[in-house]
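A.B. asks: run_32.txt (compact mmCIF, C-alpha atoms and all ligand atoms) pasted underneath:
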# COMPACT_ATOMS: atom_id res chain seq x y z
CA MET V 1 25.44 -22.50 -18.30
CA GLU V 2 23.56 -23.54 -15.20
CA LYS V 3 19.88 -23.70 -14.40
CA LEU V 4 17.90 -23.90 -11.19
CA VAL V 5 15.54 -26.82 -10.85
CA ILE V 6 12.56 -26.45 -8.51
CA GLU V 7 10.05 -29.06 -7.44
CA GLY V 8 7.26 -26.79 -6.32
CA GLY V 9 4.22 -27.01 -4.11
CA ARG V 10 5.90 -27.13 -0.68
CA PRO V 11 5.09 -24.41 1.89
CA LEU V 12 8.32 -22.80 3.09
CA GLN V 13 9.00 -23.14 6.82
CA GLY V 14 11.89 -21.85 8.91
CA LYS V 15 14.39 -19.00 8.99
CA VAL V 16 16.25 -17.09 6.29
CA ARG V 17 19.00 -14.59 7.09
CA VAL V 18 18.86 -11.55 4.83
CA SER V 19 22.21 -10.73 3.18
CA GLY V 20 23.87 -7.35 2.79
CA SER V 21 22.37 -5.13 0.12
CA LYS V 22 23.80 -5.43 -3.38
CA ASN V 23 22.51 -2.04 -4.46
CA ALA V 24 24.00 -0.36 -1.38
CA ALA V 25 27.31 -2.22 -1.63
CA LEU V 26 27.92 -1.32 -5.30
CA PRO V 27 28.05 2.49 -4.85
CA ILE V 28 29.79 2.08 -1.48
CA LEU V 29 32.56 0.10 -3.21
CA MET V 30 32.98 2.86 -5.81
CA ALA V 31 33.15 5.40 -2.96
CA CYS V 32 36.20 3.47 -1.74
CA LEU V 33 38.09 5.23 -4.56
CA LEU V 34 37.84 8.47 -2.57
CA PRO V 35 39.66 8.16 0.77
CA GLY V 36 43.38 8.20 1.50
CA GLY V 37 43.24 5.41 4.10
CA GLU V 38 41.96 1.86 4.22
CA VAL V 39 38.26 1.01 4.15
CA ARG V 40 36.82 -2.04 5.86
CA LEU V 41 33.29 -3.08 4.89
CA ARG V 42 31.17 -5.68 6.65
CA ASN V 43 28.00 -7.46 5.50
CA VAL V 44 29.04 -7.42 1.83
CA PRO V 45 27.12 -10.11 -0.11
CA ARG V 46 29.16 -12.60 -2.13
CA LEU V 47 27.65 -11.93 -5.54
CA ARG V 48 28.84 -11.73 -9.11
CA ASP V 49 28.30 -7.94 -9.30
CA ILE V 50 30.41 -7.45 -6.18
CA HIS V 51 33.28 -9.47 -7.70
CA THR V 52 32.95 -7.38 -10.86
CA SER V 53 33.15 -4.18 -8.79
CA LEU V 54 36.27 -5.43 -7.01
CA ARG V 55 37.86 -6.22 -10.38
CA LEU V 56 37.02 -2.70 -11.50
CA LEU V 57 38.59 -1.26 -8.32
CA ASN V 58 41.73 -3.32 -9.03
CA ILE V 59 41.91 -1.99 -12.58
CA LEU V 60 41.46 1.54 -11.22
CA GLY V 61 44.48 1.09 -8.96
CA CYS V 62 43.14 -0.28 -5.64
CA GLU V 63 44.23 -3.24 -3.58
CA THR V 64 41.23 -5.26 -2.42
CA GLU V 65 40.58 -8.28 -0.28
CA PHE V 66 37.31 -10.20 0.06
CA SER V 67 37.07 -12.73 2.85
CA GLY V 68 33.76 -14.09 4.14
CA ASN V 69 31.51 -11.05 3.94
CA GLU V 70 34.27 -8.53 4.64
CA VAL V 71 35.97 -6.38 2.06
CA THR V 72 39.01 -4.18 2.53
CA VAL V 73 40.03 -1.59 -0.02
CA GLN V 74 43.14 0.55 -0.15
CA VAL V 75 43.83 2.95 -2.99
CA ARG V 76 47.39 2.67 -4.34
CA GLU V 77 47.61 4.66 -7.54
CA LEU V 78 44.39 5.80 -9.16
CA LYS V 79 43.87 5.09 -12.86
CA THR V 80 41.08 6.69 -14.85
CA GLU V 81 39.77 4.14 -17.36
CA ALA V 82 36.85 1.73 -16.79
CA PRO V 83 37.00 -0.72 -19.71
CA TYR V 84 34.11 -2.04 -21.79
CA ASP V 85 34.35 -5.70 -20.75
CA LEU V 86 33.56 -4.77 -17.13
CA VAL V 87 31.03 -1.99 -17.74
CA LYS V 88 29.04 -4.11 -20.19
CA THR V 89 28.38 -6.75 -17.54
CA MET V 90 27.47 -4.25 -14.84
CA ARG V 91 25.91 -0.90 -15.44
CA ALA V 92 26.75 0.31 -11.94
CA SER V 93 30.39 0.63 -13.12
CA VAL V 94 29.39 4.10 -14.27
CA LEU V 95 29.44 5.08 -10.59
CA CYS V 96 33.23 5.42 -10.73
CA MET V 97 32.74 8.54 -12.88
CA GLY V 98 32.02 10.94 -10.01
CA PRO V 99 34.93 9.90 -7.76
CA LEU V 100 37.48 9.82 -10.61
CA LEU V 101 36.50 13.21 -11.98
CA ALA V 102 36.61 14.75 -8.51
CA LEU V 103 40.03 13.30 -7.64
CA LYS V 104 41.84 13.04 -10.96
CA GLY V 105 40.06 15.57 -13.16
CA GLU V 106 39.56 12.83 -15.71
CA ALA V 107 37.49 9.67 -16.21
CA LYS V 108 37.08 7.44 -19.22
CA VAL V 109 34.18 5.07 -18.73
CA SER V 110 32.73 2.78 -21.33
CA LEU V 111 29.16 3.77 -22.21
CA PRO V 112 26.90 1.16 -20.56
CA GLY V 113 24.79 0.57 -23.69
CA GLY V 114 21.38 -1.06 -23.86
CA CYS V 115 20.17 -3.33 -21.13
CA ALA V 116 17.39 -5.84 -20.83
CA ILE V 117 15.05 -3.58 -18.87
CA GLY V 118 15.12 -0.58 -21.15
CA ALA V 119 17.41 2.05 -22.58
CA ARG V 120 18.68 3.29 -19.18
CA PRO V 121 20.77 6.25 -20.30
CA VAL V 122 23.18 8.12 -18.00
CA ASP V 123 22.38 11.59 -19.35
CA LEU V 124 21.20 12.85 -15.95
CA HIS V 125 24.52 11.86 -14.33
CA LEU V 126 26.46 13.72 -17.02
CA LYS V 127 24.26 16.81 -17.03
CA ALA V 128 24.67 17.20 -13.29
CA LEU V 129 28.45 16.67 -13.41
CA GLU V 130 28.61 19.30 -16.17
CA GLN V 131 27.01 21.76 -13.79
CA MET V 132 29.96 21.10 -11.47
CA GLY V 133 32.42 21.96 -14.23
CA ALA V 134 33.01 18.67 -16.07
CA GLN V 135 32.99 18.37 -19.85
CA PHE V 136 32.19 15.19 -21.71
CA GLU V 137 32.80 13.80 -25.12
CA LEU V 138 31.77 10.49 -26.53
CA SER V 139 34.32 8.62 -28.62
CA SER V 140 34.85 4.96 -29.52
CA GLY V 141 32.09 3.88 -27.15
CA TYR V 142 33.63 5.68 -24.18
CA ILE V 143 32.38 8.66 -22.20
CA HIS V 144 35.45 10.76 -21.69
CA GLY V 145 35.05 13.32 -18.89
CA ARG V 146 37.50 16.05 -17.98
CA CYS V 147 37.51 18.92 -15.53
CA ASN V 148 39.78 21.34 -13.86
CA GLY V 149 38.56 20.52 -10.37
CA LEU V 150 34.85 20.14 -9.60
CA ARG V 151 32.98 23.04 -8.01
CA GLY V 152 29.85 22.88 -5.90
CA ALA V 153 26.61 23.60 -7.74
CA HIS V 154 22.85 23.83 -7.26
CA ILE V 155 21.49 20.85 -9.20
CA THR V 156 17.87 19.90 -9.77
CA PHE V 157 17.41 16.44 -11.24
CA ASP V 158 14.66 16.04 -13.87
CA PHE V 159 13.94 12.64 -12.32
CA PRO V 160 15.06 11.30 -8.91
CA THR V 161 17.67 8.97 -10.42
CA VAL V 162 19.26 6.58 -7.92
CA GLY V 163 22.61 6.15 -9.69
CA GLY V 164 22.76 9.82 -10.65
CA THR V 165 22.22 10.94 -7.05
CA GLU V 166 24.92 8.49 -5.91
CA ASN V 167 27.46 9.64 -8.51
CA LEU V 168 26.89 13.26 -7.49
CA LEU V 169 27.08 12.52 -3.75
CA MET V 170 30.53 11.04 -4.26
CA ALA V 171 31.76 13.79 -6.58
CA ALA V 172 30.43 16.62 -4.41
CA SER V 173 31.91 15.19 -1.20
CA VAL V 174 35.41 16.22 -2.29
CA ALA V 175 34.50 19.10 -4.62
CA GLU V 176 35.17 22.73 -3.80
CA GLY V 177 32.31 24.43 -1.95
CA GLU V 178 28.70 23.44 -1.39
CA THR V 179 26.48 21.33 -3.63
CA ILE V 180 22.72 21.15 -3.29
CA LEU V 181 20.88 18.26 -4.95
CA GLU V 182 17.17 18.82 -5.48
CA ASN V 183 14.70 16.14 -6.53
CA ALA V 184 17.36 13.68 -5.31
CA ALA V 185 16.58 9.98 -4.95
CA ARG V 186 15.47 9.04 -1.42
CA GLU V 187 16.15 5.29 -1.72
CA PRO V 188 17.61 3.68 1.43
CA GLU V 189 20.68 2.64 -0.58
CA VAL V 190 21.37 6.32 -1.35
CA GLN V 191 21.08 7.02 2.37
CA ASP V 192 23.47 4.17 3.16
CA LEU V 193 26.04 5.60 0.74
CA ALA V 194 25.69 9.06 2.33
CA GLU V 195 26.17 7.56 5.81
CA PHE V 196 29.29 5.76 4.60
CA LEU V 197 30.69 8.94 3.03
CA ASN V 198 30.03 10.79 6.31
CA ALA V 199 31.86 8.01 8.18
CA MET V 200 34.86 8.85 5.96
CA GLY V 201 34.63 12.54 6.86
CA ALA V 202 32.19 13.89 4.24
CA LYS V 203 29.70 16.59 5.23
CA ILE V 204 26.35 15.48 3.86
CA SER V 205 22.96 16.33 5.31
CA GLY V 206 19.38 15.89 4.17
CA HIS V 207 19.94 12.40 2.67
CA GLY V 208 16.70 10.47 2.81
CA THR V 209 14.84 13.62 1.75
CA SER V 210 14.72 15.00 -1.78
CA VAL V 211 17.03 17.92 -0.98
CA ILE V 212 20.59 16.95 -0.08
CA HIS V 213 23.30 19.40 1.01
CA ILE V 214 26.93 18.44 0.56
CA GLN V 215 29.71 20.64 1.86
CA GLY V 216 32.86 19.62 0.00
CA VAL V 217 35.95 18.71 2.07
CA PRO V 218 39.56 18.51 0.80
CA ARG V 219 39.96 14.79 1.49
CA LEU V 220 38.27 11.75 3.02
CA HIS V 221 39.82 9.24 5.41
CA GLY V 222 39.44 5.46 5.75
CA ALA V 223 36.55 3.99 7.76
CA GLU V 224 34.78 0.84 8.86
CA TYR V 225 31.18 0.39 7.80
CA ARG V 226 28.42 -2.25 7.80
CA VAL V 227 26.36 -2.38 4.62
CA MET V 228 22.58 -2.31 5.19
CA PRO V 229 20.56 -5.52 4.69
CA ASP V 230 19.04 -6.10 1.24
CA ARG V 231 15.41 -4.98 1.18
CA ILE V 232 14.78 -6.54 -2.23
CA GLU V 233 16.24 -9.91 -1.26
CA ALA V 234 14.09 -9.79 1.90
CA GLY V 235 11.03 -8.90 -0.18
CA THR V 236 11.72 -11.79 -2.53
CA TYR V 237 11.79 -14.34 0.32
CA LEU V 238 8.67 -12.69 1.72
CA ALA V 239 6.98 -13.30 -1.65
CA ALA V 240 8.23 -16.91 -1.66
CA ALA V 241 6.81 -17.54 1.82
CA ALA V 242 3.51 -15.87 0.87
CA ILE V 243 2.98 -17.69 -2.42
CA THR V 244 3.69 -21.13 -0.93
CA GLY V 245 1.45 -20.55 2.12
CA GLY V 246 4.40 -20.96 4.44
CA GLU V 247 5.71 -19.51 7.69
CA VAL V 248 9.16 -17.95 7.49
CA VAL V 249 11.18 -15.68 9.76
CA LEU V 250 13.38 -13.21 7.88
CA GLU V 251 16.37 -12.40 10.07
CA ASP V 252 17.94 -8.92 9.89
CA CYS V 253 15.05 -7.70 7.76
CA PRO V 254 15.00 -3.95 6.93
CA CYS V 255 11.27 -3.57 7.74
CA ARG V 256 11.13 0.23 7.74
CA GLU V 257 12.73 0.38 4.30
CA LEU V 258 10.23 -2.22 3.07
CA ASP V 259 7.18 -0.30 4.23
CA ALA V 260 5.43 -0.03 0.85
CA VAL V 261 6.06 -3.73 0.16
CA LEU V 262 4.85 -4.85 3.58
CA SER V 263 1.64 -2.90 3.30
CA LYS V 264 0.85 -4.46 -0.12
CA PHE V 265 1.40 -7.96 1.25
CA ARG V 266 -0.74 -7.14 4.29
CA ASN V 267 -3.50 -6.08 1.88
CA MET V 268 -3.08 -9.46 0.20
CA ASP V 269 -3.93 -11.08 3.58
CA VAL V 270 -0.39 -12.16 4.37
CA GLU V 271 0.30 -11.98 8.11
CA LEU V 272 3.42 -10.01 8.96
CA GLU V 273 4.82 -9.54 12.43
CA GLU V 274 7.88 -7.44 13.19
CA ARG V 275 9.99 -8.92 15.99
CA GLY V 276 12.89 -6.57 16.59
CA SER V 277 15.07 -6.88 13.51
CA ASP V 278 13.23 -10.03 12.35
CA LEU V 279 10.04 -10.30 10.34
CA LEU V 280 7.66 -13.23 10.63
CA VAL V 281 5.76 -13.96 7.40
CA ARG V 282 2.77 -16.30 7.50
CA ARG V 283 0.00 -17.06 5.07
CA SER V 284 -2.79 -19.44 5.98
CA GLY V 285 -5.84 -18.27 3.97
CA THR V 286 -6.12 -17.43 0.29
CA LEU V 287 -4.14 -14.56 -1.23
CA ARG V 288 -6.25 -11.50 -2.01
CA GLY V 289 -5.67 -9.43 -5.17
CA VAL V 290 -4.27 -5.86 -5.08
CA ASP V 291 -3.21 -3.22 -7.58
CA VAL V 292 0.42 -2.12 -7.60
CA THR V 293 2.12 0.94 -9.09
CA THR V 294 5.89 1.18 -8.97
CA GLN V 295 7.28 4.54 -7.86
CA PRO V 296 10.53 6.05 -6.64
CA TYR V 297 11.09 5.44 -2.91
CA PRO V 298 9.13 5.55 -0.61
CA GLY V 299 6.70 4.14 -3.21
CA PHE V 300 6.54 0.48 -4.23
CA PRO V 301 9.97 -0.52 -5.67
CA THR V 302 10.27 -1.55 -9.31
CA ASP V 303 12.74 -4.20 -8.14
CA MET V 304 9.83 -6.03 -6.38
CA GLN V 305 7.34 -5.69 -9.23
CA ALA V 306 8.06 -9.06 -10.85
CA GLN V 307 7.98 -10.99 -7.55
CA ILE V 308 4.63 -9.54 -6.41
CA MET V 309 3.26 -10.27 -9.88
CA ALA V 310 4.10 -13.95 -9.36
CA CYS V 311 2.03 -13.86 -6.15
CA LEU V 312 -0.87 -12.04 -7.83
CA CYS V 313 -1.06 -14.85 -10.40
CA LEU V 314 -2.52 -17.03 -7.63
CA ALA V 315 -4.48 -14.32 -5.79
CA GLU V 316 -8.25 -14.14 -5.70
CA GLY V 317 -9.26 -11.24 -7.93
CA GLY V 318 -5.75 -10.68 -9.37
CA GLY V 319 -4.76 -7.06 -9.90
CA VAL V 320 -3.29 -4.43 -12.18
CA ILE V 321 0.42 -3.68 -12.10
CA GLU V 322 1.64 -0.38 -13.48
CA GLU V 323 5.38 0.01 -14.11
CA LYS V 324 6.34 3.66 -13.86
CA ILE V 325 10.14 3.47 -13.57
CA PHE V 326 11.32 1.37 -16.52
CA GLU V 327 9.69 1.26 -19.93
CA ASN V 328 10.36 -2.39 -20.66
CA ARG V 329 10.24 -4.33 -17.47
CA PHE V 330 7.67 -7.05 -18.19
CA MET V 331 9.84 -9.77 -19.67
CA HIS V 332 8.74 -12.17 -16.95
CA VAL V 333 5.11 -11.94 -18.11
CA LEU V 334 5.32 -14.38 -21.01
CA GLU V 335 7.35 -16.79 -18.89
CA LEU V 336 4.77 -16.66 -16.07
CA VAL V 337 2.13 -17.37 -18.72
CA ARG V 338 4.11 -20.52 -19.60
CA LEU V 339 3.52 -21.64 -16.01
CA GLY V 340 -0.24 -21.15 -16.47
CA ALA V 341 -0.70 -17.53 -15.38
CA ASP V 342 -3.38 -15.32 -16.93
CA ILE V 343 -1.77 -11.94 -17.63
CA ARG V 344 -2.49 -9.37 -20.31
CA LEU V 345 -0.15 -6.53 -21.17
CA LYS V 346 -1.25 -3.09 -22.22
CA GLY V 347 1.55 -0.57 -22.53
CA ARG V 348 3.10 -0.13 -19.12
CA SER V 349 0.30 -2.05 -17.37
CA ALA V 350 -0.15 -5.74 -16.74
CA MET V 351 -3.61 -7.10 -15.95
CA VAL V 352 -3.28 -10.20 -13.82
CA ARG V 353 -6.23 -12.52 -13.30
CA GLY V 354 -5.81 -14.99 -10.48
CA VAL V 355 -5.77 -18.68 -11.47
CA ARG V 356 -6.25 -21.70 -9.19
CA SER V 357 -2.80 -23.17 -9.78
CA LEU V 358 0.43 -22.91 -11.73
CA VAL V 359 2.12 -25.89 -13.37
CA GLY V 360 5.91 -26.27 -13.67
CA ALA V 361 7.67 -25.76 -17.03
CA PRO V 362 11.09 -24.70 -18.33
CA VAL V 363 11.32 -20.90 -18.21
CA MET V 364 13.95 -18.31 -18.92
CA ALA V 365 14.36 -14.68 -17.95
CA SER V 366 16.59 -11.94 -19.18
CA ASP V 367 17.10 -9.94 -16.02
CA LEU V 368 17.72 -10.37 -12.32
CA ARG V 369 14.33 -9.62 -10.77
CA ALA V 370 12.43 -11.35 -13.59
CA SER V 371 14.42 -14.50 -12.78
CA ALA V 372 13.53 -14.05 -9.11
CA SER V 373 9.83 -13.92 -9.97
CA LEU V 374 10.12 -17.19 -11.87
CA VAL V 375 11.73 -18.84 -8.85
CA VAL V 376 8.92 -17.51 -6.63
CA ALA V 377 6.30 -18.83 -9.08
CA GLY V 378 8.17 -22.14 -9.48
CA LEU V 379 8.08 -22.69 -5.71
CA ALA V 380 4.27 -22.64 -5.84
CA ALA V 381 3.82 -24.43 -9.19
CA ARG V 382 2.91 -28.09 -9.28
CA GLY V 383 5.71 -30.30 -10.62
CA ARG V 384 9.10 -29.30 -11.94
CA THR V 385 10.19 -25.84 -13.06
CA ASP V 386 13.60 -25.30 -14.67
CA VAL V 387 14.74 -21.67 -14.45
CA LEU V 388 17.33 -21.28 -17.19
CA ARG V 389 20.22 -18.80 -17.22
CA ILE V 390 20.66 -18.71 -13.49
CA TYR V 391 23.63 -16.34 -13.85
CA HIS V 392 21.13 -13.49 -13.63
CA LEU V 393 20.15 -14.70 -10.15
CA ASP V 394 23.78 -15.03 -9.11
CA ARG V 395 24.15 -11.30 -9.73
CA GLY V 396 21.77 -10.50 -6.91
CA TYR V 397 20.94 -13.43 -4.59
CA GLU V 398 23.57 -14.80 -2.24
CA ASN V 399 23.40 -18.60 -1.77
CA ILE V 400 19.89 -18.75 -3.15
CA GLU V 401 19.56 -22.51 -3.30
CA GLU V 402 21.06 -23.00 0.19
CA LYS V 403 18.69 -20.41 1.61
CA LEU V 404 15.64 -21.94 -0.08
CA THR V 405 16.65 -25.49 0.81
CA GLY V 406 17.07 -24.30 4.42
CA VAL V 407 13.35 -23.47 4.55
CA GLY V 408 12.26 -26.75 3.02
CA ALA V 409 12.15 -26.02 -0.72
CA ARG V 410 13.30 -28.69 -3.18
CA VAL V 411 15.74 -26.71 -5.29
CA TRP V 412 19.03 -27.56 -6.94
CA ARG V 413 21.44 -26.43 -9.64
CA GLU V 414 22.11 -28.40 -12.83
CA GLU V 415 24.06 -27.86 -16.03
CA GLU V 416 21.77 -26.59 -18.81
C1 LIG V 501 18.97 1.59 -9.48
C2 LIG V 501 19.07 0.15 -9.04
C3 LIG V 501 18.03 -0.70 -9.75
C4 LIG V 501 16.63 -0.10 -9.56
C5 LIG V 501 16.62 1.37 -9.94
C6 LIG V 501 15.30 2.05 -9.65
C7 LIG V 501 21.42 -0.15 -8.50
C8 LIG V 501 22.72 -0.74 -8.85
N1 LIG V 501 20.40 -0.35 -9.34
O1 LIG V 501 19.27 1.63 -10.87
O2 LIG V 501 18.08 -2.02 -9.22
O3 LIG V 501 15.72 -0.81 -10.36
O4 LIG V 501 17.66 2.08 -9.22
O5 LIG V 501 14.99 1.93 -8.29
O6 LIG V 501 21.27 0.47 -7.47
N2 LIG V 501 17.35 7.47 -16.22
C9 LIG V 501 17.58 8.31 -17.27
N3 LIG V 501 18.78 9.00 -17.32
C10 LIG V 501 19.74 8.86 -16.34
C11 LIG V 501 19.48 7.97 -15.26
C12 LIG V 501 18.27 7.30 -15.23
O7 LIG V 501 16.76 8.46 -18.17
O8 LIG V 501 20.79 9.49 -16.45
C13 LIG V 501 16.07 6.69 -16.17
C14 LIG V 501 16.33 5.20 -16.33
O9 LIG V 501 16.41 4.83 -17.67
C15 LIG V 501 15.14 4.62 -15.64
C16 LIG V 501 14.88 5.60 -14.50
O10 LIG V 501 15.49 6.82 -14.90
O11 LIG V 501 14.03 4.57 -16.47
C17 LIG V 501 15.42 5.15 -13.15
O12 LIG V 501 16.81 5.02 -13.20
P1 LIG V 501 17.75 5.16 -11.92
O13 LIG V 501 16.95 5.62 -10.75
O14 LIG V 501 18.94 5.96 -12.30
O15 LIG V 501 18.16 3.66 -11.66
P2 LIG V 501 19.60 3.01 -11.59
O16 LIG V 501 20.48 3.83 -10.70
O17 LIG V 501 20.08 2.68 -12.95
How does this structure look as structure tokens?
Ligand code: UD1
C.D. replies:
Amino acid sequence: MEKLVIEGGRPLQGKVRVSGSKNAALPILMACLLPGGEVRLRNVPRLRDIHTSLRLLNILGCETEFSGNEVTVQVRELKTEAPYDLVKTMRASVLCMGPLLALKGEAKVSLPGGCAIGARPVDLHLKALEQMGAQFELSSGYIHGRCNGLRGAHITFDFPTVGGTENLLMAASVAEGETILENAAREPEVQDLAEFLNAMGAKISGHGTSVIHIQGVPRLHGAEYRVMPDRIEAGTYLAAAAITGGEVVLEDCPCRELDAVLSKFRNMDVELEERGSDLLVRRSGTLRGVDVTTQPYPGFPTDMQAQIMACLCLAEGGGVIEEKIFENRFMHVLELVRLGADIRLKGRSAMVRGVRSLVGAPVMASDLRASASLVVAGLAARGRTDVLRIYHLDRGYENIEEKLTGVGARVWREEE
């Protein structure tokens, strides 16, 4: 296994290009199961989860090619089983359920199982697909879905689930009749998927609001599409620039989609200047404390909670972080404490008291964004921080050490 070694304490200076969004690309790749013709995707990040998705598409009967940041997908002969060894490494595999049921009337997908940030069931996906006519049974660790064609339905989600909304968007695009999704997720990645489906001939409207209308069409055609930039990757580099007191330009930064994050960092006295599609981040004074509550979009994203916590550790006055999306998403707390942070946990809240400095240490995290927060903290900590189990980071950050080195950080990879 590899680790990331950071010699902290250097303000970041320079430019970072934001990569394509992982969380937009994953559902978009599963939507490539739907059309008859070839799909060409640009701005696809080269990440472990993307390679896993391409392997899944291959197993499901697609031909794929990945060159630079371009992916092409052509369906040959659709298969209906998503095996355990792929689904266990990437929960988003469950997004093949909607397309397969809609096209083949059958899907057998390994049940994702527990994951480091909580139970994360898929009950809302299944309940909604049932309303469209699917039936499910659970056997030998697999969710086995069957239907005799999917029919449009009026579905109200109990919670605005991102993956659930995406699964239903794909299924309803080629179902018979109209589907209405209420209390749908409004996340930009859901919108990007809807735009991509429309580019292939789907009839979706209202995406980006909590009521989405989908008029089913008999078939979709191939298309070319550019995946949106990654708002969470951008936010992570923003946090890294802020915590080190640096000056960094984020190129191709999705500022509008980062609104809640930008306003928190502005409240922390970080200077932010939008320059077309770039964002200048500068911090010269001390960081000021703020309180943060994670919410579904357009609220503050849970995927940025750990990184802003790292910044709050060094902010005057600290702050309280409330995690409202996942029940167990504070695994970075004890690791940040190892770097000298003062954080107390109480249920779903973390009370952060600002300290004067952090000191490097070996740390380990068990999920992607927790690992990102340790890198952010390590960049500001005095001395050497070893972030173990870097494979979590490789799931979500393209060329992380090249990008950080490019803005003056001392960062490298070593064998554990
Ligand atoms: C997606 C993102 C993830 C992000 C999350 C919330 C991808 C690949 N992942 O995950 O990075 O943190 O949105 O913004 O895009 N839930 C249920 N039953 C369900 C579905 C969800 O109880 O059937 C619960 C989950 O356990 C969780 C909450 O709802 O507590 C949010 O889940 P959801 O919005 O579905 O997130 P994901 O699509 O899994």
A.B. asks: Write out as a PDB file with C-alpha atoms, in the frame of the given file which residues come within 9 Å of Leu103 of chain V when counting all atoms listed in the file, dropping same-chain ones fewer than 4 positions away.
C.D. replies:
ATOM      1  CA  LEU V  33      38.090   5.230  -4.560  1.00  0.00           C
ATOM      2  CA  LEU V  34      37.840   8.470  -2.570  1.00  0.00           C
ATOM      3  CA  LEU V  78      44.390   5.800  -9.160  1.00  0.00           C
ATOM      4  CA  GLY V  98      32.020  10.940 -10.010  1.00  0.00           C
ATOM      5  CA  PRO V  99      34.930   9.900  -7.760  1.00  0.00           C
ATOM      6  CA  GLY V 149      38.560  20.520 -10.370  1.00  0.00           C
ATOM      7  CA  LEU V 150      34.850  20.140  -9.600  1.00  0.00           C
ATOM      8  CA  ALA V 171      31.760  13.790  -6.580  1.00  0.00           C
ATOM      9  CA  VAL V 174      35.410  16.220  -2.290  1.00  0.00           C
ATOM     10  CA  ALA V 175      34.500  19.100  -4.620  1.00  0.00           C
TER      11      ALA V 175
END
A.B. asks: Using only the atoms of ligand LIG 501 (chain V) listed in the file, plus 8 Å on each side, state the axis-aligned box centre and edge lengths in Å rounded to one decimal, as lines of an AutoDock Vina configuration file.
C.D. replies:
center_x = 18.4
center_y = 3.7
center_z = -12.8
size_x = 24.7
size_y = 27.5
size_z = 26.7
A.B. asks: Return as a tab-separated table the residues of chain V lying at most 9 Å from ligand LIG 501 (chain V), together with the closest atom-to-atom pair for each and the distance in Å to one decimal, counting only C-alpha atoms and all ligand atoms, with rows in chain order and ascending residue number.
C.D. replies:
residue	atom	partner	partner_atom	distance
V:Lys22	CA	V:LIG501	C8	7.3
V:Asn23	CA	V:LIG501	O6	4.1
V:Ala24	CA	V:LIG501	O6	6.7
V:Ala25	CA	V:LIG501	C8	8.7
V:Leu26	CA	V:LIG501	C8	6.3
V:Pro27	CA	V:LIG501	C8	7.4
V:Met90	CA	V:LIG501	C8	8.4
V:Arg91	CA	V:LIG501	O17	7.3
V:Ala92	CA	V:LIG501	C8	5.2
V:Ser93	CA	V:LIG501	C8	8.9
V:Ile117	CA	V:LIG501	O11	8.6
V:Gly118	CA	V:LIG501	O9	6.6
V:Ala119	CA	V:LIG501	O9	5.7
V:Arg120	CA	V:LIG501	O9	3.1
V:Pro121	CA	V:LIG501	N3	4.5
V:Val122	CA	V:LIG501	O8	3.2
V:Asp123	CA	V:LIG501	O8	3.9
V:Leu124	CA	V:LIG501	O8	3.4
V:His125	CA	V:LIG501	O8	4.9
V:Leu126	CA	V:LIG501	O8	7.1
V:Lys127	CA	V:LIG501	O8	8.1
V:Asp158	CA	V:LIG501	N3	8.9
V:Phe159	CA	V:LIG501	O10	6.6
V:Pro160	CA	V:LIG501	O13	6.3
V:Thr161	CA	V:LIG501	O13	3.4
V:Val162	CA	V:LIG501	O13	3.8
V:Gly163	CA	V:LIG501	O16	3.3
V:Gly164	CA	V:LIG501	O14	5.7
V:Thr165	CA	V:LIG501	O14	7.9
V:Glu166	CA	V:LIG501	O16	8.0
V:Ala185	CA	V:LIG501	O13	7.3
V:Glu187	CA	V:LIG501	O5	7.5
V:Glu189	CA	V:LIG501	O6	7.2
V:Val190	CA	V:LIG501	O6	8.5
V:Ile232	CA	V:LIG501	O2	9.0
V:Gln295	CA	V:LIG501	O5	8.2
V:Pro296	CA	V:LIG501	O5	6.3
V:Tyr297	CA	V:LIG501	O5	7.5
V:Pro301	CA	V:LIG501	O5	6.2
V:Thr302	CA	V:LIG501	O3	5.6
V:Asp303	CA	V:LIG501	O3	5.0
V:Met304	CA	V:LIG501	O3	8.8
V:Lys324	CA	V:LIG501	O11	8.2
V:Ile325	CA	V:LIG501	O11	5.0
V:Phe326	CA	V:LIG501	O11	4.2
V:Glu327	CA	V:LIG501	O11	6.5
V:Asn328	CA	V:LIG501	O11	8.9
V:Leu368	CA	V:LIG501	O2	8.9
V:Arg369	CA	V:LIG501	O2	8.6
A.B. asks: With distances taken over all atoms listed in the file, which residue among V:Lys108, V:Arg338, V:Arg389, V:Arg40 lies nearest Gln135 of chain V?
C.D. replies: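 Nearest candidate to Gln135 of chain V out of V:Lys108, V:Arg338, V:Arg389, V:Arg40: V:Lys108.
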A.B. asks: For atom CA of Ala234 of chain V and atom CA of Arg48 of chain V, determine how far apart the two atoms are, in Å to one decimal place.
C.D. replies: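 Atom CA of Arg48 of chain V lies at a distance of 18.5 Å from atom CA of Ala234 of chain V.
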A.B. asks: Kindly indicate which residue among V:His332, V:Arg46, V:Arg10, V:His154 lies nearest to Ile400 of chain V, using only C-alpha atoms for the distances.
C.D. replies: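 Residue with the minimum atom-to-atom distance to Ile400 of chain V: V:Arg46.
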A.B. asks: Set the distance at 7 Å and use all atoms listed in the file: which residues neighbour segment 280-283 of chain V once local chain neighbours fewer than 3 positions away are removed? I'd like the list as a PyMOL selection string.
C.D. replies: chain V and resi 238+241-242+245-250+270-274
A.B. asks: Separation of atom CA of Pro254 of chain V and atom CA of Tyr237 of chain V, in Å?
C.D. replies: 12.7 Å
A.B. asks: Figure out the distance between atom CA of Ala409 of chain V and atom CA of Leu4 of chain V, please, to one decimal in Å.
C.D. replies: 12.1 Å
